[in-house]
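**Student:** Following this line is my_file.cif, made up of mmCIF, C-alpha atoms:
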data_entry
loop_
_atom_site.label_atom_id
_atom_site.label_comp_id
_atom_site.auth_asym_id
_atom_site.auth_seq_id
_atom_site.Cartn_x
_atom_site.Cartn_y
_atom_site.Cartn_z
CA MET A 1 85.88 227.08 114.73
CA SER A 2 87.70 223.66 114.52
CA PHE A 3 89.29 221.61 111.80
CA LEU A 4 88.78 217.91 110.94
CA LEU A 5 90.95 215.65 108.85
CA CYS A 6 89.60 213.40 106.22
CA SER A 7 90.49 209.76 107.07
CA SER A 8 92.32 207.56 104.65
CA ALA A 9 89.38 205.20 104.58
CA CYS A 10 87.11 207.81 103.03
CA SER A 11 85.49 206.23 100.03
CA ASN A 12 85.36 209.55 98.14
CA CYS A 13 89.10 210.05 98.22
CA SER A 14 91.14 208.28 95.60
CA ARG A 15 94.44 209.88 96.45
CA ALA A 16 96.71 209.80 99.44
CA PRO A 17 95.59 211.80 102.35
CA ASP A 18 96.86 215.35 102.64
CA LYS A 19 96.35 216.85 106.03
CA GLN A 20 96.43 220.44 104.84
CA ALA A 21 94.42 219.90 101.69
CA ASP A 22 91.94 217.64 103.38
CA THR A 23 91.26 219.99 106.20
CA VAL A 24 87.54 221.04 106.48
CA MET A 25 86.38 224.06 108.43
CA VAL A 26 83.50 223.33 110.81
CA ASN A 27 81.47 225.75 112.85
CA PRO A 28 81.04 224.03 116.24
CA GLY A 29 78.07 226.25 117.06
CA LEU A 30 76.15 224.72 114.22
CA ALA A 31 77.05 221.14 114.96
CA GLY A 32 75.33 218.97 117.51
CA ALA A 33 76.64 216.09 119.44
CA ASN A 34 76.36 213.84 116.45
CA GLY A 35 78.20 216.33 114.20
CA LYS A 36 75.05 217.67 112.47
CA PRO A 37 73.97 221.35 112.48
CA VAL A 38 71.84 222.39 115.41
CA ASP A 39 69.16 224.03 113.18
CA GLY A 40 68.95 221.02 110.93
CA LYS A 41 70.56 222.79 107.94
CA GLU A 42 73.61 221.58 106.11
CA ASP A 43 76.74 223.71 106.16
CA GLN A 44 76.75 226.38 103.44
CA LEU A 45 79.97 227.24 101.74
CA PRO A 46 80.78 230.88 100.84
CA ALA A 47 79.69 231.96 97.30
CA PRO A 48 82.48 232.31 94.76
CA PRO A 49 83.74 235.89 94.06
CA ALA A 50 82.20 235.91 90.58
CA LEU A 51 78.80 235.12 92.03
CA GLN A 52 79.28 237.73 94.74
CA LEU A 53 80.23 240.31 92.04
CA ALA A 54 77.23 239.39 89.94
CA ALA A 55 74.96 239.65 92.97
CA SER A 56 76.46 243.04 93.84
CA GLU A 57 76.02 244.31 90.27
CA ALA A 58 72.44 243.03 90.22
CA GLN A 59 71.82 244.80 93.51
CA HIS A 60 73.35 248.03 92.15
CA LEU A 61 71.36 247.67 88.93
CA ALA A 62 68.13 247.13 90.88
CA GLU A 63 68.92 250.17 93.03
CA ALA A 64 69.66 252.23 89.93
CA GLU A 65 66.41 251.09 88.33
CA ARG A 66 64.55 251.88 91.55
CA GLN A 67 66.09 255.35 91.70
CA LEU A 68 65.37 255.84 87.99
CA GLU A 69 61.77 254.80 88.56
CA GLN A 70 61.56 257.21 91.50
CA ARG A 71 62.94 260.04 89.36
CA ARG A 72 60.57 259.16 86.54
CA ARG A 73 57.62 259.16 88.91
CA ALA A 74 58.82 262.40 90.49
CA SER A 75 59.17 263.92 87.02
CA GLU A 76 55.70 262.73 86.05
CA GLU A 77 54.28 264.05 89.30
CA ALA A 78 56.03 267.40 88.77
CA THR A 79 54.78 267.52 85.18
CA GLU A 80 51.27 266.64 86.34
CA ALA A 81 51.46 269.29 89.06
CA ILE A 82 52.62 271.89 86.51
CA ARG A 83 49.86 270.83 84.10
CA TRP A 84 47.26 270.97 86.87
CA GLU A 85 48.52 274.39 87.98
CA GLU A 86 48.41 275.66 84.39
CA GLU A 87 44.89 274.29 83.98
CA ARG A 88 43.85 275.88 87.29
CA ARG A 89 45.28 279.23 86.20
CA ALA A 90 43.64 278.85 82.79
CA ARG A 91 40.30 278.09 84.47
CA GLU A 92 40.68 281.07 86.77
CA GLU A 93 41.64 283.29 83.85
CA GLU A 94 38.65 282.03 81.86
CA GLU A 95 36.38 282.61 84.85
CA ARG A 96 37.75 286.15 85.21
CA ARG A 97 37.28 286.78 81.50
CA LEU A 98 33.71 285.47 81.58
CA HIS A 99 33.02 287.52 84.70
CA GLU A 100 34.36 290.66 83.00
CA GLU A 101 32.29 289.92 79.90
CA ARG A 102 29.17 289.42 82.00
CA ARG A 103 29.94 292.60 83.92
CA ARG A 104 30.46 294.57 80.70
CA ALA A 105 27.26 293.10 79.27
CA GLU A 106 25.35 294.04 82.44
CA LEU A 107 26.80 297.55 82.34
CA GLU A 108 25.88 297.87 78.67
CA VAL A 109 22.33 296.68 79.37
CA GLU A 110 22.08 299.12 82.27
CA ARG A 111 23.45 301.95 80.14
CA ALA A 112 21.02 301.12 77.34
CA ARG A 113 18.15 301.00 79.85
CA HIS A 114 19.10 304.42 81.27
CA GLU A 115 19.45 305.79 77.73
CA ALA A 116 16.03 304.42 76.79
CA VAL A 117 14.51 305.92 79.95
CA ARG A 118 16.19 309.26 79.19
CA ARG A 119 14.98 309.27 75.60
CA GLU A 120 11.49 308.28 76.65
CA ALA A 121 11.45 311.09 79.23
CA GLU A 122 12.68 313.55 76.61
CA ALA A 123 10.04 312.32 74.16
CA ARG A 124 7.33 312.70 76.78
CA ALA A 125 8.59 316.18 77.65
CA GLU A 126 8.68 317.17 73.97
CA GLU A 127 5.20 315.74 73.41
CA ALA A 128 3.90 317.58 76.47
CA ALA A 129 5.52 320.81 75.25
CA ARG A 130 4.05 320.28 71.77
CA LEU A 131 0.60 319.67 73.18
CA GLU A 132 0.95 322.70 75.43
CA GLU A 133 2.04 324.81 72.45
CA GLN A 134 -0.90 323.52 70.44
CA LYS A 135 -3.17 324.34 73.33
CA HIS A 136 -1.78 327.87 73.58
CA LEU A 137 -2.01 328.26 69.81
CA ALA A 138 -5.57 327.04 69.77
CA GLU A 139 -6.41 329.37 72.61
CA ARG A 140 -4.72 332.27 70.85
CA CYS A 141 -6.53 331.46 67.62
CA ARG A 142 -9.77 331.19 69.52
CA GLN A 143 -9.15 334.54 71.17
CA GLU A 144 -8.08 336.09 67.89
CA GLU A 145 -11.11 334.61 66.19
CA GLU A 146 -13.32 335.87 68.95
CA SER A 147 -11.65 339.27 68.68
CA ARG A 148 -12.00 339.24 64.90
CA CYS A 149 -15.59 338.13 65.13
CA ALA A 150 -16.25 340.80 67.73
CA GLU A 151 -14.57 343.41 65.53
CA GLU A 152 -16.55 342.31 62.51
CA ALA A 153 -19.71 342.36 64.57
CA ARG A 154 -18.89 345.87 65.71
CA LYS A 155 -18.14 347.04 62.19
CA GLY A 156 -21.26 345.34 60.90
CA GLU A 157 -23.32 347.07 63.51
CA GLU A 158 -21.74 350.45 62.71
CA LEU A 159 -22.32 349.84 59.01
CA ARG A 160 -25.99 349.00 59.56
CA THR A 161 -26.34 352.08 61.74
CA PHE A 162 -24.77 354.32 59.06
CA LEU A 163 -26.91 352.91 56.28
CA GLY A 164 -30.08 352.81 58.38
CA ALA A 165 -29.70 356.46 59.39
CA ARG A 166 -29.67 357.43 55.71
CA ARG A 167 -32.32 354.90 54.66
CA LEU A 168 -29.92 352.99 52.48
CA LYS A 169 -30.15 349.23 51.94
CA GLY A 170 -26.63 348.61 50.75
CA VAL A 171 -23.15 350.13 50.62
CA ASN A 172 -23.54 350.88 46.90
CA ASP A 173 -27.13 352.12 46.90
CA ARG A 174 -27.77 355.41 45.07
CA LYS A 175 -29.03 358.23 47.29
CA LYS A 176 -31.13 360.92 45.56
CA GLY A 177 -30.45 364.54 46.42
CA GLY A 178 -34.07 365.64 46.80
CA LEU A 179 -37.64 365.21 45.60
CA PHE A 180 -37.27 367.69 42.72
CA SER A 181 -33.51 367.36 42.29
CA GLY A 182 -31.92 365.10 39.73
CA GLY A 183 -28.70 364.87 41.73
CA TYR A 184 -27.58 361.69 43.44
CA SER A 185 -24.60 360.26 45.31
CA TYR A 186 -23.46 357.08 47.05
CA PRO A 187 -22.72 356.23 50.70
CA LEU A 188 -18.98 356.98 50.30
CA HIS A 189 -19.81 360.45 48.95
CA LEU A 190 -22.06 361.01 51.95
CA ALA A 191 -19.24 360.00 54.35
CA VAL A 192 -16.79 362.33 52.54
CA ARG A 193 -19.15 365.30 52.92
CA ALA A 194 -19.60 364.39 56.63
CA LYS A 195 -15.77 364.15 57.07
CA ASN A 196 -16.37 360.75 58.63
CA ALA A 197 -13.17 358.75 58.07
CA ALA A 198 -14.42 355.93 60.32
CA ALA A 199 -17.57 355.58 58.23
CA ILE A 200 -15.44 355.42 55.07
CA GLU A 201 -13.39 352.59 56.58
CA ILE A 202 -16.57 350.74 57.55
CA LEU A 203 -18.11 351.24 54.08
CA LEU A 204 -14.94 350.03 52.34
CA TRP A 205 -14.81 347.05 54.74
CA GLY A 206 -18.46 346.36 53.86
CA GLY A 207 -17.65 346.32 50.11
CA ALA A 208 -18.42 349.87 48.97
CA ASP A 209 -17.08 350.67 45.51
CA PRO A 210 -14.79 353.75 45.62
CA GLY A 211 -15.03 354.05 41.82
CA LEU A 212 -18.71 355.02 41.69
CA LEU A 213 -19.38 358.59 40.40
CA ASP A 214 -22.02 360.92 41.73
CA SER A 215 -24.35 363.00 39.59
CA LYS A 216 -21.54 365.56 39.11
CA GLY A 217 -19.15 362.89 37.82
CA LEU A 218 -16.98 362.90 40.95
CA SER A 219 -15.58 359.84 42.65
CA PRO A 220 -15.43 359.86 46.47
CA ILE A 221 -11.69 360.65 46.52
CA SER A 222 -12.10 363.36 43.83
CA LEU A 223 -14.84 364.94 45.94
CA ALA A 224 -12.63 364.76 49.07
CA GLN A 225 -9.69 366.38 47.27
CA MET A 226 -11.95 369.11 45.89
CA VAL A 227 -13.43 370.08 49.25
CA ASN A 228 -10.19 369.62 51.19
CA LYS A 229 -9.43 373.03 52.65
CA LYS A 230 -6.45 373.34 55.01
CA ASP A 231 -6.26 369.55 55.42
CA SER A 232 -9.88 369.39 56.50
CA HIS A 233 -10.40 366.16 54.59
CA THR A 234 -6.89 364.61 54.91
CA PRO A 235 -8.11 361.77 57.22
CA VAL A 236 -10.91 361.07 54.77
CA ILE A 237 -8.51 360.91 51.82
CA ALA A 238 -6.22 358.57 53.82
CA ALA A 239 -9.20 356.33 54.65
CA LEU A 240 -10.20 356.16 50.98
CA GLN A 241 -6.69 355.00 50.09
CA GLY A 242 -6.69 352.29 52.74
CA PRO A 243 -8.04 348.67 52.67
CA ARG A 244 -11.26 348.36 50.70
CA ARG A 245 -12.84 344.97 51.50
CA ARG A 246 -12.98 342.60 54.39
#
Show the structure stored in the file as structure tokens.
**Tutor:**
Amino acid sequence: MSFLLCSSACSNCSRAPDKQADTVMVNPGLAGANGKPVDGKEDQLPAPPALQLAASEAQHLAEAERQLEQRRRASEEATEAIRWEEERRAREEEERRLHEERRRAELEVERARHEAVRREAEARAEEAARLEEQKHLAERCRQEEESRCAEEARKGEELRTFLGARRLKGVNDRKKGGLFSGGYSYPLHLAVRAKNAAAIEILLWGGADPGLLDSKGLSPISLAQMVNKKDSHTPVIAALQGPRRR
């Protein structure tokens, strides 16, 4: 660096020359042979301290604003990340809840289906048992009816045999004692005299009237009690006191 003195003939100087005051600092590296800067630019003087302070404060303020903007963006990004994470968790929780609801609904449908199948099976089993019971009942009734019909047929045949053997047309027909006798009796009286308890039961089943009196004024039971010697007619008396009509 070199120093030049302003000459006294300088037109811009109106005062006496002062070597110290009029000294100008020149950078020889920037000056050419003709005294002009090598790069074609004029010499630049240093900025005043106030301008340097203002520039420094502006730089610090810009840096502070930049850092504040970075923090704001970081805060927004963190808030957005938290919000996104909360939404993701909420979606997952909702998906789990919906999955559980669907699973419970499926289980309930399956349980209801099994219950319906079970009830239907029970209903079919009960219906089959009822039909089987009806079948057995019908068969039993049929057998009982057949047995009853067979028993009635047997009794009817025995009744016809008893009456036919004595030439009687009905269970209450009067039977004369003889050609020249005025006596008479009824089929029950005839059975009492024959000690035929089975015939008495058949006659009563066939509708014979135990209150009819013979020619001596005796009812069948009165006749049986009169001729009962040493319990000879006890079965007959018991038959006369039994069922009377079919």
**Student:** For Tyr186 of chain A, which residue out of A:Ala199, A:Leu159, A:Pro220, A:Arg111 is the nearest one, using only C-alpha atoms?
**Tutor:** A:Pro220
**Student:** The PyMOL selection byres ((chain A and resi 208) around 8) - which residues does that actually catch in the file I just gave you? List them as a list in words.
**Tutor:**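 With the shown file as input, the PyMOL selection byres ((chain A and resi 208) around 8) matches Val171, Asn172, Pro187, Leu188, Leu203, Leu204, Trp205, Gly206, Gly207, Asp209, Pro210, Arg244 and Arg245 of chain A.
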**Student:** Using Å and a single decimal, report how far atom CA of Asp173 of chain A sits from atom CA of Val227 of chain A.
**Tutor:**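 Going from atom CA of Val227 of chain A over to atom CA of Asp173 of chain A covers 22.7 Å.
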**Student:** Which value, in Å to one decimal, gives the distance between atom CA of Leu213 of chain A and atom CA of Gly242 of chain A?
**Tutor:**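 These atoms are spaced 18.8 Å apart.
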**Student:** If we count all atoms listed in the file and set the cut-off at 12 Å, which residues sit around Ala194 of chain A, ignoring sequence neighbours fewer than 2 positions away in its own chain? Please answer as a count of residues only.
**Tutor:** 20
**Student:** Quick check, in Å to one decimal: how far apart do atom CA of Arg142 of chain A and atom CA of Arg154 of chain A lie?
**Tutor:**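 According to the coordinates, atom CA of Arg142 of chain A and atom CA of Arg154 of chain A are separated by 17.7 Å.
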**Student:** Using all atoms listed in the file, determine which residues lie at most 10 Å from Gly183 of chain A, disregarding the query and same-chain residues fewer than 5 positions distant; provide the list as an MDAnalysis selection string.
**Tutor:** chainID A and resid 175:178 214:216
